[in-house]
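The file model10.cif comes next; it holds mmCIF, N, CA and C atoms and all ligand atoms.
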data_structure
#
loop_
_atom_site.group_PDB
_atom_site.id
_atom_site.type_symbol
_atom_site.label_atom_id
_atom_site.label_comp_id
_atom_site.auth_asym_id
_atom_site.auth_seq_id
_atom_site.Cartn_x
_atom_site.Cartn_y
_atom_site.Cartn_z
ATOM 1 N N MET A 1 -25.829 99.944 -18.427
ATOM 2 C CA MET A 1 -25.724 98.532 -18.755
ATOM 3 C C MET A 1 -26.605 98.167 -19.942
ATOM 4 N N ALA A 2 -26.657 99.050 -20.879
ATOM 5 C CA ALA A 2 -27.441 98.751 -22.073
ATOM 6 C C ALA A 2 -26.667 97.779 -22.948
ATOM 7 N N ASN A 3 -27.169 96.603 -22.990
ATOM 8 C CA ASN A 3 -26.498 95.582 -23.788
ATOM 9 C C ASN A 3 -27.470 95.064 -24.831
ATOM 10 N N ALA A 4 -27.142 95.306 -26.051
ATOM 11 C CA ALA A 4 -28.034 94.880 -27.121
ATOM 12 C C ALA A 4 -28.201 93.370 -27.128
ATOM 13 N N GLY A 5 -27.143 92.665 -26.746
ATOM 14 C CA GLY A 5 -27.225 91.213 -26.661
ATOM 15 C C GLY A 5 -27.444 90.539 -27.995
ATOM 16 N N GLU A 6 -27.064 91.187 -29.026
ATOM 17 C CA GLU A 6 -27.248 90.590 -30.344
ATOM 18 C C GLU A 6 -26.158 89.580 -30.660
ATOM 19 N N THR A 7 -25.033 89.780 -30.005
ATOM 20 C CA THR A 7 -23.897 88.910 -30.306
ATOM 21 C C THR A 7 -23.904 87.682 -29.412
ATOM 22 N N GLN A 8 -23.953 86.555 -30.039
ATOM 23 C CA GLN A 8 -23.886 85.314 -29.282
ATOM 24 C C GLN A 8 -22.499 84.714 -29.453
ATOM 25 N N THR A 9 -21.801 84.647 -28.357
ATOM 26 C CA THR A 9 -20.455 84.090 -28.449
ATOM 27 C C THR A 9 -20.489 82.572 -28.428
ATOM 28 N N GLY A 10 -21.550 82.026 -27.856
ATOM 29 C CA GLY A 10 -21.627 80.572 -27.817
ATOM 30 C C GLY A 10 -20.583 79.988 -26.901
ATOM 31 N N GLU A 11 -20.998 79.583 -25.742
ATOM 32 C CA GLU A 11 -20.032 79.098 -24.770
ATOM 33 C C GLU A 11 -19.448 77.771 -25.227
ATOM 34 N N VAL A 12 -18.177 77.682 -25.073
ATOM 35 C CA VAL A 12 -17.503 76.437 -25.417
ATOM 36 C C VAL A 12 -17.417 75.587 -24.161
ATOM 37 N N GLY A 13 -18.339 74.679 -24.075
ATOM 38 C CA GLY A 13 -18.386 73.868 -22.867
ATOM 39 C C GLY A 13 -18.015 72.425 -23.114
ATOM 40 N N GLY A 14 -17.726 72.118 -24.341
ATOM 41 C CA GLY A 14 -17.316 70.750 -24.644
ATOM 42 C C GLY A 14 -18.455 69.936 -25.242
ATOM 43 N N GLU A 15 -19.636 70.023 -24.629
ATOM 44 C CA GLU A 15 -20.756 69.257 -25.158
ATOM 45 C C GLU A 15 -21.674 70.191 -25.939
ATOM 46 N N HIS A 16 -22.795 69.670 -26.342
ATOM 47 C CA HIS A 16 -23.731 70.437 -27.168
ATOM 48 C C HIS A 16 -23.047 70.984 -28.410
ATOM 49 N N PHE A 17 -22.287 70.145 -29.041
ATOM 50 C CA PHE A 17 -21.569 70.571 -30.226
ATOM 51 C C PHE A 17 -22.558 70.735 -31.377
ATOM 52 N N PRO A 18 -22.560 71.905 -32.009
ATOM 53 C CA PRO A 18 -23.517 72.111 -33.100
ATOM 54 C C PRO A 18 -23.120 71.367 -34.369
ATOM 55 N N VAL A 19 -24.055 70.609 -34.890
ATOM 56 C CA VAL A 19 -23.845 69.954 -36.180
ATOM 57 C C VAL A 19 -24.996 70.354 -37.096
ATOM 58 N N SER A 20 -24.734 70.394 -38.343
ATOM 59 C CA SER A 20 -25.788 70.782 -39.280
ATOM 60 C C SER A 20 -26.787 69.646 -39.428
ATOM 61 N N ALA A 21 -28.001 70.019 -39.788
ATOM 62 C CA ALA A 21 -29.050 69.020 -39.968
ATOM 63 C C ALA A 21 -28.643 68.016 -41.041
ATOM 64 N N ASP A 22 -27.939 68.506 -42.033
ATOM 65 C CA ASP A 22 -27.472 67.628 -43.114
ATOM 66 C C ASP A 22 -26.497 66.584 -42.593
ATOM 67 N N ASP A 23 -25.545 67.053 -41.791
ATOM 68 C CA ASP A 23 -24.552 66.130 -41.250
ATOM 69 C C ASP A 23 -25.212 65.080 -40.368
ATOM 70 N N TYR A 24 -26.182 65.542 -39.593
ATOM 71 C CA TYR A 24 -26.873 64.616 -38.700
ATOM 72 C C TYR A 24 -27.645 63.570 -39.501
ATOM 73 N N ALA A 25 -28.338 64.038 -40.536
ATOM 74 C CA ALA A 25 -29.115 63.123 -41.374
ATOM 75 C C ALA A 25 -28.192 62.108 -42.037
ATOM 76 N N GLU A 26 -27.049 62.581 -42.480
ATOM 77 C CA GLU A 26 -26.101 61.685 -43.138
ATOM 78 C C GLU A 26 -25.542 60.675 -42.145
ATOM 79 N N ALA A 27 -25.291 61.143 -40.943
ATOM 80 C CA ALA A 27 -24.765 60.248 -39.914
ATOM 81 C C ALA A 27 -25.771 59.150 -39.596
ATOM 82 N N CYS A 28 -27.040 59.527 -39.492
ATOM 83 C CA CYS A 28 -28.099 58.539 -39.238
ATOM 84 C C CYS A 28 -28.177 57.557 -40.393
ATOM 85 N N ASP A 29 -28.104 58.109 -41.575
ATOM 86 C CA ASP A 29 -28.216 57.335 -42.795
ATOM 87 C C ASP A 29 -27.101 56.307 -42.914
ATOM 88 N N SER A 30 -25.899 56.742 -42.598
ATOM 89 C CA SER A 30 -24.723 55.901 -42.808
ATOM 90 C C SER A 30 -24.299 55.174 -41.548
ATOM 91 N N ASN A 31 -25.117 55.312 -40.482
ATOM 92 C CA ASN A 31 -24.761 54.686 -39.210
ATOM 93 C C ASN A 31 -23.387 55.122 -38.712
ATOM 94 N N LEU A 32 -23.157 56.406 -38.789
ATOM 95 C CA LEU A 32 -21.921 56.929 -38.225
ATOM 96 C C LEU A 32 -22.124 57.183 -36.737
ATOM 97 N N GLY A 33 -21.038 57.105 -36.000
ATOM 98 C CA GLY A 33 -21.114 57.376 -34.566
ATOM 99 C C GLY A 33 -20.504 58.725 -34.259
ATOM 100 N N TRP A 34 -20.946 59.297 -33.136
ATOM 101 C CA TRP A 34 -20.396 60.575 -32.710
ATOM 102 C C TRP A 34 -19.351 60.333 -31.634
ATOM 103 N N CYS A 35 -18.126 60.785 -31.890
ATOM 104 C CA CYS A 35 -17.073 60.661 -30.884
ATOM 105 C C CYS A 35 -17.016 61.948 -30.082
ATOM 106 N N ARG A 36 -17.223 61.835 -28.784
ATOM 107 C CA ARG A 36 -17.231 63.037 -27.951
ATOM 108 C C ARG A 36 -15.820 63.555 -27.716
ATOM 109 N N ALA A 37 -14.831 62.746 -27.992
ATOM 110 C CA ALA A 37 -13.441 63.200 -27.863
ATOM 111 C C ALA A 37 -13.031 63.981 -29.109
ATOM 112 N N CYS A 38 -13.344 63.428 -30.272
ATOM 113 C CA CYS A 38 -13.009 64.087 -31.531
ATOM 114 C C CYS A 38 -13.983 65.227 -31.824
ATOM 115 N N GLN A 39 -15.165 65.139 -31.236
ATOM 116 C CA GLN A 39 -16.254 66.044 -31.566
ATOM 117 C C GLN A 39 -16.496 66.056 -33.066
ATOM 118 N N ALA A 40 -16.624 64.844 -33.571
ATOM 119 C CA ALA A 40 -16.891 64.654 -34.989
ATOM 120 C C ALA A 40 -17.534 63.284 -35.153
ATOM 121 N N PHE A 41 -18.155 63.090 -36.296
ATOM 122 C CA PHE A 41 -18.716 61.781 -36.585
ATOM 123 C C PHE A 41 -17.597 60.856 -37.029
ATOM 124 N N GLU A 42 -17.417 59.809 -36.262
ATOM 125 C CA GLU A 42 -16.387 58.827 -36.553
ATOM 126 C C GLU A 42 -17.013 57.449 -36.425
ATOM 127 N N GLY A 43 -16.319 56.483 -36.935
ATOM 128 C CA GLY A 43 -16.804 55.127 -36.758
ATOM 129 C C GLY A 43 -17.851 54.783 -37.790
ATOM 130 N N GLU A 44 -17.993 53.502 -38.017
ATOM 131 C CA GLU A 44 -18.964 53.021 -38.974
ATOM 132 C C GLU A 44 -19.770 51.925 -38.325
ATOM 133 N N CYS A 45 -20.933 51.671 -38.906
ATOM 134 C CA CYS A 45 -21.804 50.627 -38.399
ATOM 135 C C CYS A 45 -22.108 50.830 -36.915
ATOM 136 N N VAL A 46 -22.317 52.081 -36.553
ATOM 137 C CA VAL A 46 -22.716 52.385 -35.185
ATOM 138 C C VAL A 46 -24.230 52.564 -35.182
ATOM 139 N N GLU A 47 -24.909 51.727 -34.423
ATOM 140 C CA GLU A 47 -26.356 51.844 -34.361
ATOM 141 C C GLU A 47 -26.726 53.196 -33.770
ATOM 142 N N PRO A 48 -27.872 53.743 -34.213
ATOM 143 C CA PRO A 48 -28.264 55.086 -33.765
ATOM 144 C C PRO A 48 -28.357 55.218 -32.246
ATOM 145 N N ASP A 49 -28.636 54.102 -31.564
ATOM 146 C CA ASP A 49 -28.788 54.197 -30.110
ATOM 147 C C ASP A 49 -27.614 53.551 -29.379
ATOM 148 N N ALA A 50 -26.497 53.436 -30.083
ATOM 149 C CA ALA A 50 -25.323 52.811 -29.482
ATOM 150 C C ALA A 50 -24.663 53.754 -28.476
ATOM 151 N N GLU A 51 -23.941 53.146 -27.558
ATOM 152 C CA GLU A 51 -23.206 53.920 -26.566
ATOM 153 C C GLU A 51 -21.911 53.214 -26.270
ATOM 154 N N GLY A 52 -20.865 53.987 -26.068
ATOM 155 C CA GLY A 52 -19.631 53.420 -25.562
ATOM 156 C C GLY A 52 -18.839 52.608 -26.559
ATOM 157 N N TYR A 53 -18.920 52.985 -27.827
ATOM 158 C CA TYR A 53 -18.078 52.331 -28.818
ATOM 159 C C TYR A 53 -16.686 52.933 -28.795
ATOM 160 N N SER A 54 -15.730 52.225 -29.385
ATOM 161 C CA SER A 54 -14.384 52.780 -29.481
ATOM 162 C C SER A 54 -14.262 53.609 -30.741
ATOM 163 N N CYS A 55 -13.408 54.604 -30.674
ATOM 164 C CA CYS A 55 -13.221 55.486 -31.812
ATOM 165 C C CYS A 55 -11.990 55.070 -32.601
ATOM 166 N N PRO A 56 -12.152 54.852 -33.910
ATOM 167 C CA PRO A 56 -11.033 54.448 -34.747
ATOM 168 C C PRO A 56 -10.061 55.594 -34.998
ATOM 169 N N CYS A 57 -10.512 56.804 -34.687
ATOM 170 C CA CYS A 57 -9.703 57.974 -35.001
ATOM 171 C C CYS A 57 -8.772 58.341 -33.846
ATOM 172 N N CYS A 58 -9.319 58.472 -32.656
ATOM 173 C CA CYS A 58 -8.496 58.894 -31.513
ATOM 174 C C CYS A 58 -8.188 57.725 -30.593
ATOM 175 N N ASN A 59 -8.645 56.531 -30.995
ATOM 176 C CA ASN A 59 -8.445 55.340 -30.189
ATOM 177 C C ASN A 59 -9.069 55.441 -28.806
ATOM 178 N N GLY A 60 -10.003 56.373 -28.677
ATOM 179 C CA GLY A 60 -10.695 56.485 -27.401
ATOM 180 C C GLY A 60 -11.621 55.308 -27.199
ATOM 181 N N THR A 61 -11.766 54.867 -25.971
ATOM 182 C CA THR A 61 -12.720 53.807 -25.683
ATOM 183 C C THR A 61 -13.942 54.427 -25.024
ATOM 184 N N ASN A 62 -15.087 53.905 -25.362
ATOM 185 C CA ASN A 62 -16.347 54.401 -24.805
ATOM 186 C C ASN A 62 -16.610 55.856 -25.148
ATOM 187 N N THR A 63 -16.105 56.320 -26.269
ATOM 188 C CA THR A 63 -16.292 57.726 -26.619
ATOM 189 C C THR A 63 -17.266 57.904 -27.768
ATOM 190 N N VAL A 64 -17.640 56.803 -28.407
ATOM 191 C CA VAL A 64 -18.482 56.916 -29.590
ATOM 192 C C VAL A 64 -19.934 56.541 -29.278
ATOM 193 N N TYR A 65 -20.830 57.425 -29.672
ATOM 194 C CA TYR A 65 -22.260 57.223 -29.451
ATOM 195 C C TYR A 65 -22.957 57.232 -30.798
ATOM 196 N N GLY A 66 -24.066 56.515 -30.887
ATOM 197 C CA GLY A 66 -24.886 56.600 -32.082
ATOM 198 C C GLY A 66 -25.404 58.011 -32.251
ATOM 199 N N ALA A 67 -25.711 58.360 -33.496
ATOM 200 C CA ALA A 67 -26.127 59.727 -33.793
ATOM 201 C C ALA A 67 -27.359 60.137 -32.980
ATOM 202 N N GLU A 68 -28.351 59.281 -32.934
ATOM 203 C CA GLU A 68 -29.562 59.617 -32.185
ATOM 204 C C GLU A 68 -29.289 59.712 -30.694
ATOM 205 N N GLN A 69 -28.449 58.808 -30.228
ATOM 206 C CA GLN A 69 -28.121 58.781 -28.808
ATOM 207 C C GLN A 69 -27.339 60.032 -28.419
ATOM 208 N N ALA A 70 -26.442 60.456 -29.283
ATOM 209 C CA ALA A 70 -25.654 61.658 -29.014
ATOM 210 C C ALA A 70 -26.560 62.882 -28.902
ATOM 211 N N LEU A 71 -27.556 62.925 -29.751
ATOM 212 C CA LEU A 71 -28.505 64.041 -29.712
ATOM 213 C C LEU A 71 -29.332 63.977 -28.430
ATOM 214 N N LEU A 72 -29.736 62.767 -28.095
ATOM 215 C CA LEU A 72 -30.553 62.540 -26.901
ATOM 216 C C LEU A 72 -29.807 62.972 -25.644
ATOM 217 N N LEU A 73 -28.535 62.668 -25.608
ATOM 218 C CA LEU A 73 -27.731 62.965 -24.429
ATOM 219 C C LEU A 73 -27.239 64.402 -24.425
ATOM 220 N N GLY A 74 -27.524 65.128 -25.504
ATOM 221 C CA GLY A 74 -27.107 66.526 -25.547
ATOM 222 C C GLY A 74 -25.637 66.707 -25.888
ATOM 223 N N LEU A 75 -25.032 65.656 -26.453
ATOM 224 C CA LEU A 75 -23.633 65.798 -26.872
ATOM 225 C C LEU A 75 -23.537 66.676 -28.104
ATOM 226 N N ILE A 76 -24.578 66.595 -28.918
ATOM 227 C CA ILE A 76 -24.631 67.420 -30.116
ATOM 228 C C ILE A 76 -25.950 68.174 -30.159
ATOM 229 N N ASP A 77 -25.965 69.207 -30.930
ATOM 230 C CA ASP A 77 -27.161 70.011 -31.133
ATOM 231 C C ASP A 77 -27.350 70.180 -32.625
ATOM 232 N N ILE A 78 -28.586 70.043 -33.083
ATOM 233 C CA ILE A 78 -28.827 70.293 -34.489
ATOM 234 C C ILE A 78 -28.825 71.794 -34.723
ATOM 235 N N ASP A 79 -27.947 72.221 -35.592
ATOM 236 C CA ASP A 79 -27.862 73.624 -35.944
ATOM 237 C C ASP A 79 -28.670 73.832 -37.225
ATOM 238 N N GLU A 80 -29.839 74.405 -37.065
ATOM 239 C CA GLU A 80 -30.720 74.555 -38.236
ATOM 240 C C GLU A 80 -30.197 75.608 -39.193
ATOM 241 N N GLY A 81 -29.291 76.437 -38.710
ATOM 242 C CA GLY A 81 -28.643 77.399 -39.592
ATOM 243 C C GLY A 81 -29.549 78.537 -40.043
ATOM 244 N N GLU A 82 -30.732 78.610 -39.517
ATOM 245 C CA GLU A 82 -31.707 79.666 -39.850
ATOM 246 C C GLU A 82 -31.875 79.805 -41.344
HETATM 247 ZN ZN ZN A 101 -12.436 60.002 -31.475
#

Transcribe the structure of this file into structure tokens.
Amino acid sequence: MANAGETQTGEVGGEHFPVSADDYAEACDSNLGWCRACQAFEGECVEPDAEGYSCPCCNGTNTVYGAEQALLLGLIDIDEGE
């Protein structure tokens, strides 16, 4: 059972979506919201600590969170990219 374990497949669990530090900074800067349905930054004028906004992209309700809030809740993860 010698497993080098060097390969990380990264479990696809739906949450903890990796975003780059740049994208996160831009989202904070521009008040973009994170849609957990789209798994992308959607929406405008979303306060960083907002919760439960509607998504203009997928028409989801209560799916958009502020960038800081999304990070806090573990919906996204900052991918430092080494
Ligand atoms: Zn959406």

- Query: If you run DSSP on the backbone, which residues of chain A are strand (DSSP E), as a VMD selection string?
  - Reply: chain A and resid 17 to 20 33 to 35 40 to 42 64 to 66 76 to 79

- Query: Pick the closest to Gly74 (chain A) from A:Cys45, A:Glu15, A:Cys55, A:Asn31: which is it, counting all atoms listed in the file?
  - Reply: A:Glu15

- How many Å lie between CA of Trp34 (chain A) and CA of Gly60 (chain A), rounded to one decimal?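 If I compute the distance from CA of Trp34 (chain A) to CA of Gly60 (chain A), I get 11.8 Å.
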
- Give me the residues within 10 Å of region 64-72 of chain A as a PyMOL selection string, counting only C-alpha atoms and dropping any in the same chain fewer than 3 places off. chain A and resi 15-17+19+23-56+60-61+75-78

- atom C of Asn62 (chain A) and atom N of Asp79 (chain A), how far apart in Å?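 Result for atom N of Asp79 (chain A) versus atom C of Asn62 (chain A): 22.5 Å, one decimal.
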
- Coordinates-based distance that separates CA of Cys57 (chain A) from atom N of Pro18 (chain A) (Å, one decimal):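 About the pair atom N of Pro18 (chain A) and CA of Cys57 (chain A): they are 19.2 Å apart.
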